[in-house]
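Colleague: This is the content of target_32.pdb (PDB, C-alpha atoms):
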```pdb
ATOM      1  CA  MET A   1     -43.893  24.921  57.200
ATOM      2  CA  CYS A   2     -43.538  24.705  53.422
ATOM      3  CA  ARG A   3     -40.238  23.399  52.076
ATOM      4  CA  LEU A   4     -38.419  25.272  49.319
ATOM      5  CA  PHE A   5     -35.549  23.925  47.248
ATOM      6  CA  GLY A   6     -33.798  25.538  44.311
ATOM      7  CA  LEU A   7     -30.857  24.188  42.311
ATOM      8  CA  HIS A   8     -28.982  26.186  39.675
ATOM      9  CA  ALA A   9     -26.659  23.849  37.805
ATOM     10  CA  GLY A  10     -25.108  26.351  35.407
ATOM     11  CA  PRO A  11     -25.326  26.861  31.664
ATOM     12  CA  ARG A  12     -25.534  23.166  30.693
ATOM     13  CA  PRO A  13     -28.450  20.887  31.668
ATOM     14  CA  VAL A  14     -27.698  18.117  34.160
ATOM     15  CA  ARG A  15     -29.598  15.091  35.368
ATOM     16  CA  ALA A  16     -30.829  14.904  38.946
ATOM     17  CA  THR A  17     -33.150  12.599  40.838
ATOM     18  CA  PHE A  18     -35.767  14.041  43.186
ATOM     19  CA  TRP A  19     -37.938  12.591  45.910
ATOM     20  CA  LEU A  20     -40.429  15.210  47.142
ATOM     21  CA  LEU A  21     -41.607  13.350  50.241
ATOM     22  CA  ASP A  22     -38.371  11.721  51.286
ATOM     23  CA  ALA A  23     -37.531  11.815  55.014
ATOM     24  CA  PRO A  24     -34.304  10.410  56.491
ATOM     25  CA  ASP A  25     -36.146   9.289  59.642
ATOM     26  CA  SER A  26     -39.661   8.398  58.651
ATOM     27  CA  LEU A  27     -41.079   9.004  62.121
ATOM     28  CA  SER A  28     -38.793  11.394  63.997
ATOM     29  CA  ALA A  29     -38.353  13.774  61.075
ATOM     30  CA  GLN A  30     -42.017  14.138  60.128
ATOM     31  CA  SER A  31     -43.551  17.570  60.277
ATOM     32  CA  ARG A  32     -46.488  18.287  62.570
ATOM     33  CA  ARG A  33     -48.916  17.269  59.842
ATOM     34  CA  GLU A  34     -48.836  15.635  56.444
ATOM     35  CA  PRO A  35     -48.175  17.992  53.526
ATOM     36  CA  ASP A  36     -50.954  19.348  51.316
ATOM     37  CA  GLY A  37     -49.171  19.440  47.969
ATOM     38  CA  ALA A  38     -45.866  18.891  46.203
ATOM     39  CA  GLY A  39     -44.331  19.892  42.919
ATOM     40  CA  ILE A  40     -41.176  20.387  40.925
ATOM     41  CA  GLY A  41     -40.392  22.644  37.978
ATOM     42  CA  THR A  42     -37.708  22.270  35.313
ATOM     43  CA  PHE A  43     -36.777  23.706  31.914
ATOM     44  CA  ASP A  44     -36.183  21.791  28.694
ATOM     45  CA  ALA A  45     -33.400  22.366  26.170
ATOM     46  CA  ALA A  46     -35.428  25.134  24.511
ATOM     47  CA  GLY A  47     -35.899  26.951  27.836
ATOM     48  CA  LYS A  48     -39.574  26.030  28.167
ATOM     49  CA  ALA A  49     -40.858  25.517  31.709
ATOM     50  CA  HIS A  50     -42.366  22.180  32.783
ATOM     51  CA  VAL A  51     -44.124  21.591  36.098
ATOM     52  CA  ALA A  52     -45.125  18.298  37.708
ATOM     53  CA  LYS A  53     -47.287  18.871  40.779
ATOM     54  CA  GLN A  54     -50.206  17.460  42.674
ATOM     55  CA  PRO A  55     -52.330  18.380  45.695
ATOM     56  CA  LEU A  56     -51.996  15.697  48.352
ATOM     57  CA  ALA A  57     -55.609  15.701  49.464
ATOM     58  CA  ALA A  58     -55.672  11.984  50.244
ATOM     59  CA  TRP A  59     -53.085   9.473  51.379
ATOM     60  CA  GLU A  60     -53.092   7.695  48.025
ATOM     61  CA  ASP A  61     -51.999  10.953  46.365
ATOM     62  CA  HIS A  62     -48.698  10.774  48.225
ATOM     63  CA  ALA A  63     -47.405   8.118  45.833
ATOM     64  CA  PHE A  64     -46.948  10.946  43.313
ATOM     65  CA  ALA A  65     -44.426  12.689  45.553
ATOM     66  CA  ARG A  66     -42.679   9.574  46.849
ATOM     67  CA  GLU A  67     -41.654   8.393  43.402
ATOM     68  CA  ALA A  68     -38.078   8.973  42.254
ATOM     69  CA  ARG A  69     -38.116  11.497  39.406
ATOM     70  CA  ASP A  70     -35.156  11.572  37.030
ATOM     71  CA  LEU A  71     -35.088  15.041  35.485
ATOM     72  CA  LYS A  72     -32.770  17.078  33.298
ATOM     73  CA  SER A  73     -32.551  20.872  33.484
ATOM     74  CA  THR A  74     -30.283  23.841  34.104
ATOM     75  CA  THR A  75     -32.404  24.973  37.058
ATOM     76  CA  PHE A  76     -34.747  23.014  39.320
ATOM     77  CA  LEU A  77     -37.404  24.343  41.709
ATOM     78  CA  ALA A  78     -39.133  22.028  44.207
ATOM     79  CA  HIS A  79     -41.795  22.778  46.807
ATOM     80  CA  VAL A  80     -43.698  20.854  49.463
ATOM     81  CA  ARG A  81     -46.835  22.732  50.532
ATOM     82  CA  TYR A  82     -48.483  23.091  53.915
ATOM     83  CA  ALA A  83     -51.576  25.088  52.986
ATOM     84  CA  SER A  84     -52.261  28.443  54.637
ATOM     85  CA  THR A  85     -54.571  29.941  51.992
ATOM     86  CA  GLY A  86     -56.615  28.173  49.334
ATOM     87  CA  ALA A  87     -58.074  24.711  48.862
ATOM     88  CA  LEU A  88     -56.075  21.542  48.246
ATOM     89  CA  THR A  89     -56.322  21.781  44.466
ATOM     90  CA  MET A  90     -53.951  21.718  41.517
ATOM     91  CA  VAL A  91     -54.227  25.462  40.883
ATOM     92  CA  ASN A  92     -53.120  26.221  44.453
ATOM     93  CA  THR A  93     -50.140  23.858  44.362
ATOM     94  CA  HIS A  94     -46.608  25.191  43.816
ATOM     95  CA  PRO A  95     -44.587  25.877  41.717
ATOM     96  CA  PHE A  96     -46.576  28.385  39.689
ATOM     97  CA  GLU A  97     -45.692  29.376  36.124
ATOM     98  CA  GLN A  98     -46.151  32.868  34.664
ATOM     99  CA  ASP A  99     -44.447  34.371  31.601
ATOM    100  CA  GLY A 100     -42.211  31.294  31.367
ATOM    101  CA  ARG A 101     -40.928  31.724  34.929
ATOM    102  CA  LEU A 102     -41.439  29.460  37.942
ATOM    103  CA  PHE A 103     -42.184  30.533  41.510
ATOM    104  CA  ALA A 104     -42.557  28.867  44.913
ATOM    105  CA  HIS A 105     -43.272  30.605  48.219
ATOM    106  CA  ASN A 106     -43.174  29.881  51.946
ATOM    107  CA  GLY A 107     -45.184  32.294  54.049
ATOM    108  CA  VAL A 108     -48.422  34.187  54.528
ATOM    109  CA  LEU A 109     -49.692  37.622  53.585
ATOM    110  CA  HIS A 110     -53.112  39.107  54.274
ATOM    111  CA  GLY A 111     -55.133  41.828  52.588
ATOM    112  CA  LEU A 112     -55.778  39.821  49.439
ATOM    113  CA  HIS A 113     -58.712  42.042  48.436
ATOM    114  CA  HIS A 114     -56.351  45.028  48.409
ATOM    115  CA  LEU A 115     -53.797  42.986  46.467
ATOM    116  CA  ASP A 116     -56.456  41.949  43.943
ATOM    117  CA  GLN A 117     -57.272  45.614  43.382
ATOM    118  CA  ARG A 118     -53.595  46.251  42.659
ATOM    119  CA  LEU A 119     -53.476  43.338  40.218
ATOM    120  CA  ALA A 120     -56.609  44.620  38.502
ATOM    121  CA  GLU A 121     -54.955  48.026  38.066
ATOM    122  CA  PHE A 122     -52.115  46.249  36.246
ATOM    123  CA  GLY A 123     -54.583  44.165  34.223
ATOM    124  CA  VAL A 124     -53.090  40.854  35.357
ATOM    125  CA  MET A 125     -55.912  39.203  37.302
ATOM    126  CA  ASP A 126     -56.041  36.626  34.502
ATOM    127  CA  LEU A 127     -52.736  35.275  35.851
ATOM    128  CA  VAL A 128     -54.455  34.215  39.076
ATOM    129  CA  LEU A 129     -56.103  30.819  38.666
ATOM    130  CA  GLY A 130     -56.528  29.853  42.331
ATOM    131  CA  GLN A 131     -57.108  31.305  45.778
ATOM    132  CA  SER A 132     -53.591  31.365  47.226
ATOM    133  CA  ASP A 133     -51.699  34.409  48.454
ATOM    134  CA  SER A 134     -48.574  32.930  46.844
ATOM    135  CA  GLU A 135     -49.935  33.005  43.299
ATOM    136  CA  ARG A 136     -51.114  36.591  43.823
ATOM    137  CA  LEU A 137     -47.668  37.648  45.052
ATOM    138  CA  PHE A 138     -46.151  36.061  41.948
ATOM    139  CA  ALA A 139     -48.667  37.868  39.726
ATOM    140  CA  LEU A 140     -47.639  41.196  41.241
ATOM    141  CA  ILE A 141     -43.966  40.399  40.620
ATOM    142  CA  THR A 142     -44.834  39.425  37.042
ATOM    143  CA  ALA A 143     -46.718  42.692  36.522
ATOM    144  CA  GLU A 144     -43.870  44.780  37.896
ATOM    145  CA  THR A 145     -41.362  42.802  35.825
ATOM    146  CA  ARG A 146     -43.341  43.553  32.687
ATOM    147  CA  ARG A 147     -43.421  47.218  33.648
ATOM    148  CA  ALA A 148     -39.626  47.102  34.132
ATOM    149  CA  GLY A 149     -39.084  45.765  30.623
ATOM    150  CA  GLY A 150     -38.392  42.198  31.752
ATOM    151  CA  ASP A 151     -35.983  43.061  34.581
ATOM    152  CA  VAL A 152     -36.953  40.416  37.140
ATOM    153  CA  GLY A 153     -34.826  41.854  39.942
ATOM    154  CA  ALA A 154     -36.453  45.268  39.550
ATOM    155  CA  GLY A 155     -39.868  43.621  39.419
ATOM    156  CA  ILE A 156     -39.205  41.802  42.695
ATOM    157  CA  VAL A 157     -38.025  44.959  44.444
ATOM    158  CA  GLU A 158     -41.046  46.985  43.328
ATOM    159  CA  ALA A 159     -43.591  44.259  44.099
ATOM    160  CA  VAL A 160     -42.225  43.270  47.492
ATOM    161  CA  GLY A 161     -41.707  46.912  48.416
ATOM    162  CA  TRP A 162     -45.377  47.630  47.751
ATOM    163  CA  VAL A 163     -46.494  44.555  49.716
ATOM    164  CA  ALA A 164     -44.244  45.497  52.651
ATOM    165  CA  ARG A 165     -45.818  48.968  52.788
ATOM    166  CA  GLU A 166     -49.439  48.103  52.089
ATOM    167  CA  LEU A 167     -50.287  44.587  53.298
ATOM    168  CA  PRO A 168     -50.043  42.614  56.547
ATOM    169  CA  VAL A 169     -47.084  40.240  56.111
ATOM    170  CA  PHE A 170     -45.993  37.159  58.024
ATOM    171  CA  SER A 171     -43.353  35.847  55.617
ATOM    172  CA  LEU A 172     -42.470  36.298  51.940
ATOM    173  CA  ASN A 173     -39.668  33.766  51.477
ATOM    174  CA  PHE A 174     -39.594  32.586  47.870
ATOM    175  CA  ILE A 175     -37.534  31.272  44.959
ATOM    176  CA  LEU A 176     -38.142  32.424  41.378
ATOM    177  CA  SER A 177     -36.459  30.717  38.433
ATOM    178  CA  THR A 178     -35.959  30.866  34.698
ATOM    179  CA  ALA A 179     -33.901  28.458  32.598
ATOM    180  CA  THR A 180     -30.855  30.687  33.069
ATOM    181  CA  ASP A 181     -31.319  32.622  36.335
ATOM    182  CA  MET A 182     -32.565  32.132  39.864
ATOM    183  CA  TRP A 183     -33.619  34.622  42.529
ATOM    184  CA  ALA A 184     -34.261  33.926  46.212
ATOM    185  CA  LEU A 185     -35.655  36.253  48.870
ATOM    186  CA  ARG A 186     -35.772  35.897  52.630
ATOM    187  CA  TYR A 187     -38.120  38.471  54.155
ATOM    188  CA  PRO A 188     -38.489  39.351  56.944
ATOM    189  CA  ASP A 189     -36.726  37.258  59.647
ATOM    190  CA  THR A 190     -39.746  35.008  60.311
ATOM    191  CA  HIS A 191     -38.384  31.898  58.568
ATOM    192  CA  GLY A 192     -34.881  30.936  57.541
ATOM    193  CA  LEU A 193     -33.649  30.478  53.983
ATOM    194  CA  TYR A 194     -30.197  29.087  53.199
ATOM    195  CA  VAL A 195     -27.818  29.275  50.257
ATOM    196  CA  LEU A 196     -24.840  27.087  49.351
ATOM    197  CA  GLU A 197     -22.316  27.703  46.586
ATOM    198  CA  ARG A 198     -21.059  24.155  46.104
ATOM    199  CA  ASN A 199     -17.784  23.415  44.382
ATOM    200  CA  PRO A 200     -17.225  19.658  44.552
ATOM    201  CA  SER A 201     -13.654  19.972  43.270
ATOM    202  CA  ALA A 202     -12.655  20.725  46.849
ATOM    203  CA  PRO A 203     -12.085  18.637  48.797
ATOM    204  CA  ASP A 204     -13.610  15.581  47.102
ATOM    205  CA  PRO A 205     -13.697  15.697  43.281
ATOM    206  CA  ALA A 206     -15.955  12.644  43.086
ATOM    207  CA  ALA A 207     -18.645  13.674  45.571
ATOM    208  CA  PRO A 208     -22.119  13.660  43.991
ATOM    209  CA  LEU A 209     -24.830  16.042  45.017
ATOM    210  CA  ASP A 210     -26.826  14.363  47.778
ATOM    211  CA  ALA A 211     -29.044  16.999  49.390
ATOM    212  CA  ARG A 212     -31.712  15.891  51.843
ATOM    213  CA  SER A 213     -34.078  17.806  54.109
ATOM    214  CA  ARG A 214     -37.014  16.646  56.206
ATOM    215  CA  ARG A 215     -38.993  16.180  53.000
ATOM    216  CA  ILE A 216     -37.115  16.904  49.761
ATOM    217  CA  HIS A 217     -34.191  14.773  48.596
ATOM    218  CA  SER A 218     -32.097  15.427  45.486
ATOM    219  CA  ARG A 219     -29.187  13.418  44.131
ATOM    220  CA  SER A 220     -27.021  13.952  41.044
ATOM    221  CA  THR A 221     -23.807  12.197  40.069
ATOM    222  CA  GLU A 222     -23.428  14.619  37.137
ATOM    223  CA  LEU A 223     -22.850  17.405  39.676
ATOM    224  CA  SER A 224     -19.917  15.565  41.241
ATOM    225  CA  ARG A 225     -17.417  17.652  39.274
ATOM    226  CA  SER A 226     -19.146  20.940  38.428
ATOM    227  CA  PRO A 227     -20.064  23.913  40.628
ATOM    228  CA  HIS A 228     -23.696  24.693  41.380
ATOM    229  CA  VAL A 229     -25.808  26.778  43.773
ATOM    230  CA  LEU A 230     -28.481  25.504  46.143
ATOM    231  CA  PHE A 231     -31.241  27.291  48.060
ATOM    232  CA  ALA A 232     -33.252  25.540  50.756
ATOM    233  CA  THR A 233     -35.501  26.126  53.736
ATOM    234  CA  GLU A 234     -32.896  24.353  55.865
ATOM    235  CA  PRO A 235     -29.346  23.049  55.294
ATOM    236  CA  MET A 236     -29.612  19.778  53.392
ATOM    237  CA  ASP A 237     -26.303  18.162  54.269
ATOM    238  CA  HIS A 238     -23.315  18.698  56.558
ATOM    239  CA  ASN A 239     -21.475  21.004  54.162
ATOM    240  CA  PRO A 240     -20.121  23.911  56.285
ATOM    241  CA  GLY A 241     -20.679  26.283  53.360
ATOM    242  CA  TRP A 242     -24.420  26.613  53.962
ATOM    243  CA  ARG A 243     -25.176  30.233  54.840
ATOM    244  CA  ALA A 244     -28.340  31.648  56.350
ATOM    245  CA  MET A 245     -29.530  34.517  54.194
ATOM    246  CA  GLU A 246     -30.010  37.824  55.970
ATOM    247  CA  PRO A 247     -33.530  39.154  56.565
ATOM    248  CA  GLY A 248     -34.440  41.248  53.537
ATOM    249  CA  GLU A 249     -31.673  39.710  51.414
ATOM    250  CA  LEU A 250     -32.313  39.130  47.722
ATOM    251  CA  VAL A 251     -29.860  36.775  46.000
ATOM    252  CA  HIS A 252     -29.540  36.451  42.230
ATOM    253  CA  VAL A 253     -27.640  33.661  40.476
ATOM    254  CA  GLY A 254     -26.879  34.316  36.812
ATOM    255  CA  PRO A 255     -26.292  31.909  33.913
ATOM    256  CA  ASP A 256     -22.599  31.545  34.774
ATOM    257  CA  LEU A 257     -23.416  30.861  38.475
ATOM    258  CA  HIS A 258     -22.179  34.306  39.472
ATOM    259  CA  LEU A 259     -23.981  35.201  42.675
ATOM    260  CA  THR A 260     -24.950  38.735  43.689
ATOM    261  CA  SER A 261     -26.587  39.655  46.962
ATOM    262  CA  THR A 262     -28.290  42.818  48.202
ATOM    263  CA  VAL A 263     -30.251  43.539  51.353
ATOM    264  CA  SER A 264     -33.073  45.060  49.367
ATOM    265  CA  PHE A 265     -35.468  45.276  52.312
ATOM    266  CA  PRO A 266     -33.582  46.320  55.455
ATOM    267  CA  ASP A 267     -36.746  47.311  57.336
ATOM    268  CA  ALA A 268     -39.509  45.023  58.569
ATOM    269  CA  PRO A 269     -42.925  45.175  56.892
ATOM    270  CA  VAL A 270     -45.079  48.053  58.107
ATOM    271  CA  HIS A 271     -47.810  45.619  59.163
ATOM    272  CA  LEU A 272     -45.872  42.641  60.522
ATOM    273  CA  LEU A 273     -47.978  39.633  61.486
ATOM    274  CA  THR A 274     -47.232  37.078  64.202
ATOM    275  CA  LEU A 275     -48.525  33.532  64.560
ATOM    276  CA  ALA A 276     -51.187  34.853  66.935
ATOM    277  CA  ASP A 277     -52.597  36.958  64.086
ATOM    278  CA  LEU A 278     -53.158  33.949  61.811
ATOM    279  CA  GLU A 279     -56.093  31.588  61.602
ATOM    280  CA  PRO A 280     -55.318  28.302  63.395
ATOM    281  CA  SER A 281     -54.851  26.338  60.156
ATOM    282  CA  ALA A 282     -52.569  29.020  58.693
ATOM    283  CA  ALA A 283     -50.586  29.229  61.921
ATOM    284  CA  GLU A 284     -50.105  25.474  61.933
ATOM    285  CA  SER A 285     -48.843  25.585  58.345
ATOM    286  CA  GLN A 286     -46.105  28.011  59.384
ATOM    287  CA  ARG A 287     -44.671  26.024  62.261
ATOM    288  CA  SER A 288     -41.372  24.274  61.638
TER     289      SER A 288
END
```
Could you take the file, read its structure, and then write that structure out as structure tokens?
Modeller:
Amino acid sequence: MCRLFGLHAGPRPVRATFWLLDAPDSLSAQSRREPDGAGIGTFDAAGKAHVAKQPLAAWEDHAFAREARDLKSTTFLAHVRYASTGALTMVNTHPFEQDGRLFAHNGVLHGLHHLDQRLAEFGVMDLVLGQSDSERLFALITAETRRAGGDVGAGIVEAVGWVARELPVFSLNFILSTATDMWALRYPDTHGLYVLERNPSAPDPAAPLDARSRRIHSRSTELSRSPHVLFATEPMDHNPGWRAMEPGELVHVGPDLHLTSTVSFPDAPVHLLTLADLEPSAAESQRS
């Protein structure tokens, strides 16, 4: 199953170190198969998005994701891919960038021909560079956001609402980020997605960020004294504040770290897929 990680550090950029293929127990904590891609997105002081990513088509490619990366940004978005749709190429590797926003997804949706027709109606097929369902979902959100005058939340609600009505859906969990804001959606209840509002002033004012999952590891001493918000596929430390998002819950974190939450999609997709409905390789990519 793909790993998602989002970090919103607030209005001022902070430094953090990332390892995209870090595992606390190199054997016991491995996933069922080796990952197919890894990437991380950040924003510079001018708010411009930067993405470092690579498909992991061969073992020697994994050195890219095992290196420690010292980065500075207000928001960070990391992804480790287990491919369900699309070849192991750069254009199919997350995060994706569109209109200066970054996007990473964990899940599967079918009916891509129908989705392509919808994108063509909006005139945004030029946003799609690869074969993945994830990039197409992002393109639909981008199109709806443009139609909503730049309101990303409204764009997400319209795009996901259409997908939930029209396409077969297994999971649409994703994180979308700008330099100032971050959105996360868990939908439906297929996979978990967790959120943590971390305030290191209580109880330990000197505790650095040290978040580690089966794959992604992030550490920042600069976040030892300032609040921040984390999203992840699974809790990344023993902090009791990790909360499982509700199915259909859309969370938005603004520039000042104010968090708002709405259950924007209380009902399951009309055409809900199970693992048995997926091709064997896609099904394997969705196992934990």
Colleague: Write out as number ranges by chain which residues come within 8 Å of A:Gly47 when counting all atoms listed in the file, dropping same-chain ones fewer than 2 positions away.
Modeller: A: 43-45, 49, 178-179
Colleague: Identify which of the residues A:Gly155, A:Gly161, A:Pro168, A:Pro266 lies closest to A:His113, counting all atoms listed in the file when measuring atom-to-atom distances.
Modeller: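 Under the stated criterion, the closest residue is A:Pro168.
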Colleague: Would you pick out the contacts of A:Arg198 at 7 Å or less, using all atoms listed in the file, so that residues sharing its chain but fewer than 5 positions from it are not included, and give the list as a list of chain:residue names?
Modeller: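 Everything that qualifies: A:Pro227, A:His228, A:Val229.
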Colleague: Name the closest residue to A:Arg215 among the candidates A:Leu176, A:Ala78, A:Leu88, A:Leu56; distances are taken between atoms, counting all atoms listed in the file.
Modeller: A:Ala78
Colleague: One number please: atom CA of A:Arg101 to atom CA of A:Pro269, in Å, one decimal.
Modeller: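 Rounded to one decimal, the two atoms are 25.8 Å apart.
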Colleague: Could you name the residues that touch A:Ser220 at 7 Å or less, counting only C-alpha atoms, but leaving out those on the same chain fewer than 4 positions away, as a PyMOL selection string?
Modeller: chain A and resi 15-17+208-210
Colleague: Determine the residue set returned by the PyMOL selection byres ((chain A and resi 242) around 7) for the present structure, and present it as a list in words.
Modeller: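 On this input, the PyMOL selection byres ((chain A and resi 242) around 7) captures Tyr194, Val195, Leu196, Pro235, Asn239, Pro240, Gly241, Arg243 and Ala244 of chain A.
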Colleague: Looking at A:Leu259, A:Ala104, A:Leu4, A:Leu250, which one is nearest to A:Ser177, with distances taken over all atoms listed in the file?
Modeller: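 Counting all atoms listed in the file, the residue closest to A:Ser177 is A:Ala104.
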Colleague: Quick one: apply the PyMOL selection byres ((chain A and resi 42) around 8) to the file and drop the selected residues here as a list in words.
Modeller: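 Output of the PyMOL selection byres ((chain A and resi 42) around 8): Ile40, Gly41, Phe43, Asp44, Ala49, His50, Val51, Leu71, Lys72, Ser73, Thr74, Thr75, Phe76, Leu77 and Ala179 of chain A.
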Colleague: Show which residues sit within 8 Å of stretch 35-37 of chain A, as JSON, numbers by chain. Count all atoms listed in the file, and ignore same-chain residues fewer than 4 positions away.
Modeller: {"A": [53, 54, 55, 56, 57, 80, 81, 82, 83, 88, 93, 94]}
Colleague: Considering only C-alpha atoms, return as a list in words whatever protein or nucleic-acid residues lie within 10 Å of A:Ser261, sequence-local ones (same chain, fewer than 4 positions apart) excluded.
Modeller: Trp183, Ala184, Leu185, Met245, Glu246, Glu249, Leu250, Val251, His252 and Val253 of chain A
Colleague: Could you save the residues just selected, with C-alpha atoms, as a short mmCIF file (atom, residue, chain, number, x, y, z; two decimals), in the frame of the given file?
Modeller:
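The resulting part_23.cif:
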```cif
data_model
loop_
_atom_site.label_atom_id
_atom_site.label_comp_id
_atom_site.auth_asym_id
_atom_site.auth_seq_id
_atom_site.Cartn_x
_atom_site.Cartn_y
_atom_site.Cartn_z
CA TRP A 183 -33.62 34.62 42.53
CA ALA A 184 -34.26 33.93 46.21
CA LEU A 185 -35.66 36.25 48.87
CA MET A 245 -29.53 34.52 54.19
CA GLU A 246 -30.01 37.82 55.97
CA GLU A 249 -31.67 39.71 51.41
CA LEU A 250 -32.31 39.13 47.72
CA VAL A 251 -29.86 36.78 46.00
CA HIS A 252 -29.54 36.45 42.23
CA VAL A 253 -27.64 33.66 40.48
#
```
Colleague: I need the residue nearest A:Val169 from this list: A:Leu140, A:Met90, A:Leu109, A:Val157. Use only C-alpha atoms for the distance.
Modeller: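 Using only C-alpha atoms, the shortest distance to A:Val169 belongs to A:Leu109.
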Colleague: How many Å separate atom CA of A:Glu67 from atom CA of A:Ala87?
Modeller: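 Those two atoms sit 23.8 Å apart.
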Colleague: For the structure provided, state which residues fall under the PyMOL selection byres ((chain A and resi 85) around 8), and present them as number ranges by chain.
Modeller: A: 83-84, 86-87, 108, 131-133, 282
Colleague: Determine the nearest neighbour of A:Leu167 from the options A:Leu21, A:Ala58, A:Leu272, A:Ala232, counting only C-alpha atoms.
Modeller: A:Leu272
Colleague: Please, what distance in Å, to one decimal, runs between atom CA of A:His271 and atom CA of A:Ile141?
Modeller: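 Distance between the two atoms: 19.6 Å.
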